[in-house]
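Novice: So here's entry16.csv (CSV, C-alpha atoms).
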```csv
chain,number,residue,atom,x,y,z
R,1,MET,CA,-38.6,-65.4,41.0
R,2,LYS,CA,-37.5,-62.3,39.0
R,3,SER,CA,-39.6,-59.2,39.1
R,4,GLN,CA,-40.4,-57.6,35.7
R,5,LEU,CA,-41.5,-54.1,34.8
R,6,THR,CA,-44.9,-54.0,33.2
R,7,ALA,CA,-44.9,-50.3,32.3
R,8,ASP,CA,-42.3,-47.6,31.6
R,9,PRO,CA,-41.5,-45.4,34.6
R,10,LYS,CA,-42.9,-41.9,34.2
R,11,LEU,CA,-41.3,-38.5,35.0
R,12,TYR,CA,-43.4,-35.4,35.5
R,13,ILE,CA,-41.6,-32.0,35.2
R,14,GLY,CA,-43.3,-28.8,36.3
R,15,ILE,CA,-41.5,-25.6,35.1
R,16,ASP,CA,-41.9,-22.1,36.2
R,17,ILE,CA,-40.4,-20.2,33.3
R,18,HIS,CA,-38.8,-16.8,33.5
R,19,LYS,CA,-36.4,-14.8,31.3
R,20,ARG,CA,-33.2,-15.5,33.3
R,21,SER,CA,-33.9,-18.8,35.0
R,22,TRP,CA,-36.2,-21.8,35.3
R,23,LYS,CA,-37.5,-23.3,38.5
R,24,ILE,CA,-37.8,-27.1,37.9
R,25,HIS,CA,-39.7,-29.7,39.9
R,26,CYS,CA,-39.3,-33.3,38.9
R,27,SER,CA,-41.5,-36.1,40.3
R,28,THR,CA,-42.0,-39.6,39.2
R,29,ASP,CA,-45.0,-41.9,39.4
R,30,LEU,CA,-43.6,-43.3,42.7
R,31,PHE,CA,-41.8,-40.4,44.4
R,32,SER,CA,-42.5,-36.7,44.9
R,33,GLY,CA,-39.1,-35.7,43.6
R,34,LYS,CA,-37.1,-32.4,44.1
R,35,SER,CA,-36.9,-28.8,43.0
R,36,PHE,CA,-33.9,-26.9,41.6
R,37,SER,CA,-33.1,-23.9,39.4
R,38,MET,CA,-31.3,-23.9,36.0
R,39,PRO,CA,-30.6,-21.6,33.1
R,40,PRO,CA,-33.4,-21.1,30.6
R,41,GLU,CA,-32.0,-23.6,28.1
R,42,PRO,CA,-34.0,-26.7,27.1
R,43,GLU,CA,-30.8,-28.5,26.1
R,44,GLN,CA,-29.6,-28.5,29.7
R,45,LEU,CA,-32.9,-29.9,31.0
R,46,LYS,CA,-32.6,-32.7,28.4
R,47,ALA,CA,-29.0,-33.4,29.5
R,48,TYR,CA,-30.2,-33.6,33.2
R,49,VAL,CA,-33.1,-36.0,32.3
R,50,ASP,CA,-30.8,-38.2,30.2
R,51,LYS,CA,-28.4,-38.5,33.0
R,52,HIS,CA,-30.7,-39.0,36.0
R,53,PHE,CA,-33.9,-40.4,34.4
R,54,PRO,CA,-32.9,-42.6,31.5
R,55,GLU,CA,-35.6,-44.8,30.0
R,56,TYR,CA,-38.3,-42.6,31.6
R,57,GLU,CA,-41.5,-41.5,29.8
R,58,VAL,CA,-41.3,-37.7,30.2
R,59,SER,CA,-44.1,-35.2,30.5
R,60,THR,CA,-43.6,-31.5,31.0
R,61,ALA,CA,-45.8,-28.5,31.6
R,62,TYR,CA,-45.4,-24.8,32.1
R,63,GLU,CA,-47.6,-21.7,32.2
R,64,ALA,CA,-48.3,-19.7,29.0
R,65,GLY,CA,-46.6,-16.3,29.1
R,66,CYS,CA,-44.1,-13.9,27.6
R,67,CYS,CA,-41.6,-16.7,26.8
R,68,GLY,CA,-43.8,-18.1,24.1
R,69,TYR,CA,-43.7,-21.7,22.7
R,70,TYR,CA,-40.0,-22.2,22.0
R,71,ALA,CA,-39.4,-24.4,25.0
R,72,HIS,CA,-42.6,-26.4,24.2
R,73,ARG,CA,-41.4,-27.1,20.6
R,74,CYS,CA,-38.0,-28.1,21.9
R,75,PHE,CA,-39.5,-30.6,24.4
R,76,GLU,CA,-41.8,-32.0,21.7
R,77,SER,CA,-38.7,-32.5,19.5
R,78,TYR,CA,-37.1,-34.6,22.2
R,79,GLY,CA,-40.1,-37.0,22.1
R,80,TRP,CA,-41.5,-35.7,25.4
R,81,HIS,CA,-45.2,-35.0,26.0
R,82,SER,CA,-45.4,-31.2,26.6
R,83,LEU,CA,-48.3,-29.0,27.7
R,84,VAL,CA,-48.6,-25.2,27.8
R,85,VAL,CA,-51.3,-24.4,30.3
R,86,ASN,CA,-53.4,-21.4,31.3
R,87,PRO,CA,-52.3,-20.2,34.7
R,88,ALA,CA,-56.0,-20.0,35.8
R,89,ASP,CA,-56.3,-23.8,35.2
R,90,ILE,CA,-53.8,-24.7,37.9
R,91,HIS,CA,-55.7,-25.7,41.0
R,92,ARG,CA,-54.5,-24.3,44.3
R,93,LYS,CA,-55.6,-25.6,47.7
R,94,GLY,CA,-56.1,-23.7,50.9
R,95,LYS,CA,-53.0,-21.6,51.8
R,96,GLU,CA,-51.5,-22.2,48.4
R,97,ARG,CA,-53.8,-19.4,47.2
R,98,PHE,CA,-52.0,-17.0,49.6
R,99,THR,CA,-48.4,-18.2,49.2
R,100,LYS,CA,-46.7,-17.8,45.9
R,101,THR,CA,-43.0,-18.6,45.0
R,102,ASP,CA,-41.4,-20.0,41.9
R,103,ARG,CA,-40.7,-23.2,43.7
R,104,ILE,CA,-44.3,-23.6,44.8
R,105,ASP,CA,-45.6,-22.8,41.3
R,106,ALA,CA,-43.3,-25.5,39.8
R,107,GLN,CA,-44.5,-28.0,42.4
R,108,LEU,CA,-48.1,-27.3,41.7
R,109,ILE,CA,-47.7,-27.7,38.0
R,110,SER,CA,-45.9,-31.0,38.5
R,111,ARG,CA,-48.6,-32.2,40.9
R,112,GLU,CA,-51.4,-31.3,38.6
R,113,LEU,CA,-49.6,-32.8,35.6
R,114,LYS,CA,-49.1,-36.1,37.5
R,115,ASP,CA,-52.7,-36.2,38.6
R,116,GLY,CA,-53.9,-35.6,35.0
R,117,ARG,CA,-55.8,-32.4,35.7
R,118,LEU,CA,-54.0,-30.2,33.1
R,119,ASN,CA,-55.1,-29.4,29.6
R,120,SER,CA,-52.9,-27.6,27.1
R,121,ILE,CA,-54.0,-24.4,25.4
R,122,HIS,CA,-54.0,-24.3,21.6
R,123,VAL,CA,-50.4,-23.9,20.4
R,124,PRO,CA,-50.3,-22.3,16.9
R,125,ASP,CA,-47.9,-23.4,14.3
R,126,MET,CA,-44.9,-21.1,13.6
R,127,HIS,CA,-46.6,-19.8,10.4
R,128,ARG,CA,-49.6,-18.5,12.3
R,129,GLU,CA,-47.5,-17.3,15.2
R,130,ALA,CA,-45.5,-15.1,12.8
R,131,LEU,CA,-48.7,-13.7,11.3
R,132,ARG,CA,-50.1,-13.2,14.8
R,133,SER,CA,-47.1,-11.1,15.7
R,134,LEU,CA,-47.8,-8.7,12.8
R,135,PHE,CA,-51.5,-8.5,13.7
R,136,ARG,CA,-50.7,-7.6,17.3
R,137,ARG,CA,-48.1,-5.0,16.1
R,138,ARG,CA,-51.0,-3.4,14.2
R,139,ASN,CA,-53.1,-3.4,17.3
R,140,ASP,CA,-50.3,-1.6,19.2
R,141,LEU,CA,-50.0,1.0,16.4
R,142,VAL,CA,-53.8,1.6,16.7
R,143,LYS,CA,-53.4,2.4,20.4
R,144,ASP,CA,-50.4,4.7,19.7
R,145,PHE,CA,-52.4,6.4,17.0
R,146,ARG,CA,-55.3,7.1,19.3
R,147,ARG,CA,-53.0,8.3,22.0
R,148,ILE,CA,-51.1,10.8,19.9
R,149,LYS,CA,-54.4,12.2,18.6
R,150,SER,CA,-55.5,12.7,22.1
R,151,TYR,CA,-52.2,14.5,23.0
R,152,ILE,CA,-52.7,16.9,20.1
R,153,LYS,CA,-56.2,17.8,21.1
R,154,MET,CA,-55.1,18.1,24.7
R,155,GLN,CA,-52.6,20.7,23.7
R,156,LEU,CA,-55.2,22.7,21.8
R,157,LEU,CA,-57.6,22.6,24.8
R,158,TYR,CA,-54.8,23.6,27.2
R,159,PHE,CA,-54.0,26.7,25.2
R,160,GLY,CA,-57.7,27.6,24.7
R,161,ILE,CA,-57.8,26.9,20.9
R,162,LYS,CA,-61.1,25.9,19.5
R,163,VAL,CA,-61.3,23.4,16.7
R,164,PRO,CA,-63.4,24.7,13.8
R,165,GLU,CA,-66.8,23.0,13.6
R,166,GLN,CA,-66.1,21.3,10.2
R,167,TYR,CA,-63.1,19.6,11.7
R,168,ASP,CA,-64.5,18.8,15.2
R,169,ASN,CA,-65.0,15.0,14.6
R,170,ASP,CA,-63.0,11.8,14.8
R,171,HIS,CA,-61.9,11.9,11.2
R,172,TRP,CA,-58.7,13.8,10.7
R,173,SER,CA,-59.0,15.1,7.1
R,174,HIS,CA,-56.1,16.6,5.2
R,175,GLY,CA,-57.7,20.0,5.7
R,176,PHE,CA,-57.6,19.5,9.5
R,177,ARG,CA,-54.0,18.4,9.4
R,178,GLY,CA,-53.1,21.5,7.3
R,179,TRP,CA,-55.0,23.7,9.7
R,180,LEU,CA,-52.8,22.3,12.5
R,181,ASP,CA,-49.6,22.8,10.5
R,182,ASP,CA,-50.5,26.4,9.9
R,183,MET,CA,-51.4,27.2,13.5
R,184,MET,CA,-49.4,30.0,15.1
R,185,PHE,CA,-48.7,30.5,18.8
R,186,GLN,CA,-47.5,33.6,20.8
R,187,TYR,CA,-44.3,31.8,21.6
R,188,PRO,CA,-42.4,29.6,19.1
R,189,ILE,CA,-41.6,26.8,21.6
R,190,ALA,CA,-45.4,26.0,21.8
R,191,LYS,CA,-45.4,25.7,18.0
R,192,ALA,CA,-42.3,23.4,18.2
R,193,SER,CA,-44.2,21.1,20.6
R,194,LEU,CA,-47.2,20.8,18.3
R,195,ASP,CA,-44.9,20.2,15.3
R,196,SER,CA,-43.2,17.4,17.1
R,197,ARG,CA,-46.5,15.8,17.9
R,198,MET,CA,-47.6,16.1,14.3
R,199,ARG,CA,-44.4,14.4,13.1
R,200,HIS,CA,-45.1,11.6,15.5
R,201,PHE,CA,-48.7,11.4,14.3
R,202,ARG,CA,-47.7,11.2,10.6
R,203,PHE,CA,-45.1,8.6,11.3
R,204,ILE,CA,-47.6,6.3,13.1
R,205,ASP,CA,-50.2,7.0,10.5
R,206,GLU,CA,-47.9,5.9,7.7
R,207,ASP,CA,-46.6,2.8,9.6
R,208,LEU,CA,-50.2,1.8,10.5
R,209,ARG,CA,-51.3,2.0,6.8
R,210,LEU,CA,-48.2,0.0,5.8
R,211,VAL,CA,-48.7,-2.8,8.3
R,212,SER,CA,-52.4,-3.0,7.5
R,213,SER,CA,-51.7,-3.4,3.8
R,214,GLN,CA,-49.1,-6.1,4.5
R,215,LEU,CA,-51.5,-8.0,6.7
R,216,ARG,CA,-54.3,-8.0,4.0
R,217,ALA,CA,-51.9,-8.9,1.2
R,218,TYR,CA,-50.4,-11.8,3.1
R,219,CYS,CA,-53.7,-13.3,4.1
R,220,ARG,CA,-55.0,-12.9,0.5
R,221,LYS,CA,-52.0,-14.8,-0.7
R,222,HIS,CA,-51.5,-17.6,1.9
R,223,PHE,CA,-55.0,-18.0,3.3
R,224,LYS,CA,-57.0,-17.0,0.3
R,225,LYS,CA,-60.0,-19.4,0.7
R,226,ASP,CA,-60.6,-18.6,4.3
R,227,TYR,CA,-60.0,-14.9,3.9
R,228,TYR,CA,-62.6,-14.5,1.1
R,229,LEU,CA,-65.1,-16.7,3.0
R,230,LEU,CA,-64.8,-14.4,6.0
R,231,ARG,CA,-65.0,-11.3,3.8
R,232,SER,CA,-68.4,-12.5,2.5
R,233,ILE,CA,-70.0,-12.0,6.0
R,234,PRO,CA,-71.5,-8.5,6.5
R,235,GLY,CA,-69.5,-6.6,9.1
R,236,ILE,CA,-66.3,-8.6,8.7
R,237,GLY,CA,-63.8,-6.5,6.7
R,238,GLY,CA,-60.2,-7.2,5.7
R,239,ILE,CA,-58.6,-6.5,9.1
R,240,VAL,CA,-61.1,-8.4,11.1
R,241,ALA,CA,-60.7,-11.4,8.7
R,242,CYS,CA,-56.9,-11.2,9.2
R,243,GLY,CA,-57.4,-11.1,13.0
R,244,ILE,CA,-59.6,-14.2,12.9
R,245,ILE,CA,-57.1,-16.1,10.8
R,246,SER,CA,-54.1,-15.1,12.9
R,247,GLU,CA,-55.6,-15.3,16.4
R,248,LEU,CA,-58.1,-18.2,16.1
R,249,GLY,CA,-56.2,-20.2,13.5
R,250,ASP,CA,-58.2,-22.7,11.5
R,251,LEU,CA,-61.8,-22.5,12.7
R,252,ARG,CA,-62.4,-26.1,11.7
R,253,ARG,CA,-60.6,-27.2,14.9
R,254,PHE,CA,-63.6,-26.0,16.9
R,255,ASN,CA,-66.2,-28.8,17.4
R,256,ASN,CA,-69.3,-26.5,17.7
R,257,VAL,CA,-70.5,-23.0,18.4
R,258,LYS,CA,-70.4,-23.5,22.2
R,259,HIS,CA,-66.7,-24.4,21.9
R,260,ILE,CA,-65.7,-21.4,19.9
R,261,ALA,CA,-68.0,-19.0,21.9
R,262,GLY,CA,-66.3,-20.2,25.1
R,263,TYR,CA,-62.9,-19.6,23.6
R,264,VAL,CA,-63.7,-16.1,22.3
R,265,GLY,CA,-65.6,-15.2,25.4
R,266,LEU,CA,-69.1,-14.7,24.0
R,267,ALA,CA,-70.7,-17.3,26.3
R,268,PRO,CA,-72.9,-16.4,29.4
R,269,GLY,CA,-71.8,-17.0,32.9
R,270,VAL,CA,-74.3,-19.1,34.9
R,271,TYR,CA,-74.9,-19.2,38.7
R,272,GLN,CA,-77.3,-22.0,39.9
R,273,SER,CA,-77.8,-23.0,43.5
R,274,GLY,CA,-80.9,-24.8,44.6
R,275,ALA,CA,-83.9,-22.9,43.4
R,276,ASN,CA,-81.7,-19.9,42.4
R,277,ASN,CA,-80.7,-19.7,38.8
R,278,LYS,CA,-79.4,-16.6,37.1
R,279,THR,CA,-77.1,-15.6,34.3
R,280,MET,CA,-74.0,-13.5,35.2
R,281,GLY,CA,-73.4,-11.8,31.8
R,282,ILE,CA,-70.5,-12.8,29.5
R,283,THR,CA,-67.7,-14.7,31.0
R,284,PRO,CA,-64.6,-12.8,32.1
R,285,ARG,CA,-62.4,-15.6,30.6
R,286,ALA,CA,-62.0,-14.6,27.0
R,287,HIS,CA,-59.8,-13.8,24.0
R,288,ARG,CA,-60.4,-10.1,24.7
R,289,LEU,CA,-58.8,-8.8,21.5
R,290,ILE,CA,-60.9,-11.0,19.2
R,291,ARG,CA,-64.1,-10.5,21.3
R,292,SER,CA,-63.7,-6.7,20.9
R,293,TYR,CA,-63.3,-7.1,17.1
R,294,PHE,CA,-66.4,-9.2,16.9
R,295,ILE,CA,-68.4,-6.6,18.8
R,296,GLU,CA,-67.2,-3.8,16.6
R,297,ALA,CA,-68.0,-5.9,13.5
R,298,SER,CA,-71.5,-6.5,14.9
R,299,TRP,CA,-72.3,-2.7,14.7
R,300,GLN,CA,-71.4,-2.8,11.0
R,301,ALA,CA,-73.4,-6.0,10.4
R,302,ILE,CA,-76.6,-4.5,11.7
R,303,ARG,CA,-76.2,-1.6,9.2
R,304,THR,CA,-75.7,-3.9,6.2
R,305,ASP,CA,-77.6,-7.1,6.8
R,306,PRO,CA,-81.4,-6.9,7.1
R,307,VAL,CA,-81.6,-10.1,9.1
R,308,MET,CA,-79.1,-9.0,11.7
R,309,GLN,CA,-80.8,-5.6,11.8
R,310,SER,CA,-84.2,-7.3,12.4
R,311,TYR,CA,-82.6,-9.4,15.2
R,312,TYR,CA,-81.2,-6.3,16.8
R,313,ARG,CA,-84.5,-4.4,16.6
R,314,LYS,CA,-86.4,-7.4,18.1
R,315,HIS,CA,-84.6,-6.6,21.4
R,316,THR,CA,-85.2,-2.8,21.3
R,317,GLY,CA,-85.8,-1.4,24.7
R,318,LYS,CA,-83.1,-3.4,26.4
R,319,ASP,CA,-79.6,-2.2,27.1
R,320,SER,CA,-77.9,-1.7,23.7
R,321,LYS,CA,-74.6,-3.1,25.1
R,322,LYS,CA,-76.3,-6.3,26.0
R,323,ILE,CA,-78.1,-6.5,22.6
R,324,ILE,CA,-74.9,-6.1,20.7
R,325,ILE,CA,-73.3,-9.0,22.6
R,326,LYS,CA,-76.2,-11.2,21.4
R,327,VAL,CA,-75.6,-9.9,17.8
R,328,ALA,CA,-71.9,-10.7,18.2
R,329,ARG,CA,-72.7,-14.3,19.3
R,330,LYS,CA,-74.9,-14.7,16.2
R,331,LEU,CA,-72.1,-13.3,14.0
R,332,LEU,CA,-69.7,-15.7,15.5
R,333,CYS,CA,-72.1,-18.6,14.7
R,334,ARG,CA,-72.3,-17.5,11.1
R,335,THR,CA,-68.5,-17.2,10.9
R,336,LEU,CA,-68.0,-20.8,12.1
R,337,ALA,CA,-70.7,-22.0,9.7
R,338,VAL,CA,-69.2,-20.3,6.7
R,339,ILE,CA,-65.8,-21.8,7.3
R,340,LYS,CA,-67.0,-25.3,8.1
R,341,THR,CA,-69.3,-25.5,5.1
R,342,GLU,CA,-66.9,-23.5,2.9
R,343,THR,CA,-69.9,-21.7,1.5
R,344,PRO,CA,-69.8,-17.9,1.1
R,345,TYR,CA,-72.4,-16.0,3.1
R,346,GLU,CA,-75.5,-14.6,1.3
R,347,ILE,CA,-77.3,-11.7,2.8
R,348,GLY,CA,-80.8,-12.7,3.8
R,349,VAL,CA,-84.1,-10.9,3.0
R,350,ILE,CA,-86.8,-10.1,5.5
R,351,GLU,CA,-90.2,-11.2,4.2
```
Would you give me this structure, written as structure tokens?
Specialist:
Amino acid sequence: MKSQLTADPKLYIGIDIHKRSWKIHCSTDLFSGKSFSMPPEPEQLKAYVDKHFPEYEVSTAYEAGCCGYYAHRCFESYGWHSLVVNPADIHRKGKERFTKTDRIDAQLISRELKDGRLNSIHVPDMHREALRSLFRRRNDLVKDFRRIKSYIKMQLLYFGIKVPEQYDNDHWSHGFRGWLDDMMFQYPIAKASLDSRMRHFRFIDEDLRLVSSQLRAYCRKHFKKDYYLLRSIPGIGGIVACGIISELGDLRRFNNVKHIAGYVGLAPGVYQSGANNKTMGITPRAHRLIRSYFIEASWQAIRTDPVMQSYYRKHTGKDSKKIIIKVARKLLCRTLAVIKTETPYEIGVIE
């Protein structure tokens, strides 16, 4: 009697990806497999699989990180099932929590992949990924802009120079910049230091304005419908709308408010044991950049939307930081509703 295969053999590949090398662990549905190192080239891994595991159904997984999604897209093009996973989703047992090597990481990924306990993060298409890179570049420029302003004020404080009252605020007017340019020191080298910082300040300021304009213009052209739907919501300006489009992608992929709130990080943590039941505040697992943008947008929303302002005042007396989180969650709900219904938001009226 001849034996006959009733299913394709399966190969599970866990990969610990680094810039200079990959640590690979291959296991099948019958055997635990082996680990080895290889150069960071998807083509070499494909050649290895074609040689040693022909006719196998291949699944791969690796942790999301600085190497991006290039390897994932290559694996998908080979017809393999590929996952990019959040490192926090990889379960570790006992002493595995206290021992970490590249080999162990690859083995854990392969094991969890084989057991079906891994879920992929959302992988953006290449168009949104390119837009995301420009949005994150703008965020880096904002950090540099704040830093250089702090350095300039630090130098003034160090030399005991007081800023005139009309200029002592966060807005750096042309008058304040001119005052800094005209400032004189006892020794010219101190003036040279300030001039260098001012040149750096003006360079970042110009670059930040250019990148912001490019972002808004690109979203208006290529994501026109979603961009103007988002702009109709009080509190959401051009840059926040660009951030939502680039970082969250198409909001229609979220099933409900709970789904998107968990992704952004505006969902409460809950601790329940027996008769004890308490909330732990917002979850630490979040898309921190977008969450911060929604919180900043909420402060603007309560100034322009009577309904949001009424909701904020209803909680007056509590910690203002906790109240604004509630407002941000409500703003997130409205954002999802506007995109899903494709209906511009209309400011409500308090009766």
Novice: Compile the contact shell of R:His72 as a PyMOL selection string: residues with an atom at most 10 Å away, counting all atoms listed in the file, same-chain residues fewer than 4 positions apart removed.
Specialist: chain R and resi 42+60-62+68+76-77+80-84+123
Novice: Which residue is closest to R:Gly116? Choose from R:Leu134, R:Ile148, R:Ser59, R:Arg216 and count only C-alpha atoms.
Specialist: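 When distances to R:Gly116 are compared using only C-alpha atoms, the smallest one comes from R:Ser59.
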Novice: If we count all atoms listed in the file, what is near stretch 153-157 of chain R at a cut-off of 10 Å, once residues fewer than 4 positions away on the same chain are taken out, given as a PyMOL selection string?
Specialist: chain R and resi 148-149+161-163+180+190+193-194+197
Novice: Can you pull out every residue within 12 Å of R:Arg313, counting all atoms listed in the file, but drop anything in the same chain fewer than 4 positions away, and send it as a list in words?
Specialist: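 Contacts, in chain order: Ile302, Arg303, Pro306, Val307, Met308, Gln309, Gly317, Lys318, Asp319, Ser320, Ile323, Ile324, Lys326 and Val327 of chain R.
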Novice: Smallest atom-to-atom distance to R:Gly238: which of R:Ile260, R:Ala130, R:Leu215, R:Ile282, using all atoms listed in the file?
Specialist: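 Among the listed residues, the smallest separation from R:Gly238 belongs to R:Leu215.
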Novice: Have a look at atom CA of R:Lys19 and atom CA of R:Glu41 and let me know their distance in Å, one decimal.
Specialist: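 Distance between the two atoms: 10.3 Å.
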Novice: Report, in Å to a single decimal, how far apart atom CA of R:Asp182 and atom CA of R:Leu210 are.
Specialist: 26.8 Å
Novice: Taking a cut-off of 12 Å and counting only C-alpha atoms, can you build a table that, for each residue of stretch 78-126 of chain R near stretch 285-296 of chain R, reports the nearest atom pair and how far apart they are in Å (one decimal), sorted by chain then residue number, as a tab-separated table?
Specialist:
```
residue	atom	partner	partner_atom	distance
R:Asn86	CA	R:Arg285	CA	10.7
R:Pro87	CA	R:Arg285	CA	11.8
R:Ala88	CA	R:Arg285	CA	9.3
R:Asp89	CA	R:Arg285	CA	11.2
```
Novice: Taking (-65.3, -19.3, 3.6) in the file's own coordinates, collect the residues within 6 Å, counting only C-alpha atoms, and hand them back as a PyMOL selection string.
Specialist: chain R and resi 226+229-230+338-339+342-344
Novice: So what do you get for atom CA of R:Trp179 versus atom CA of R:Ser196, distance-wise?
Specialist: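 For atom CA of R:Trp179 relative to atom CA of R:Ser196, the distance reads 15.3 Å.
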Novice: Would you pick out the contacts of R:Glu43 at 9 Å or less, using only C-alpha atoms, so that residues sharing its chain but fewer than 4 positions from it are not included, and give the list as a compact mmCIF listing (two decimals) with C-alpha atoms, in the frame of the given file?
Specialist:
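File written: around37.txt
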```txt
# COMPACT_ATOMS: atom_id res chain seq x y z
CA ALA R 47 -29.00 -33.40 29.50
CA TYR R 48 -30.20 -33.60 33.20
CA CYS R 74 -38.00 -28.10 21.90
```
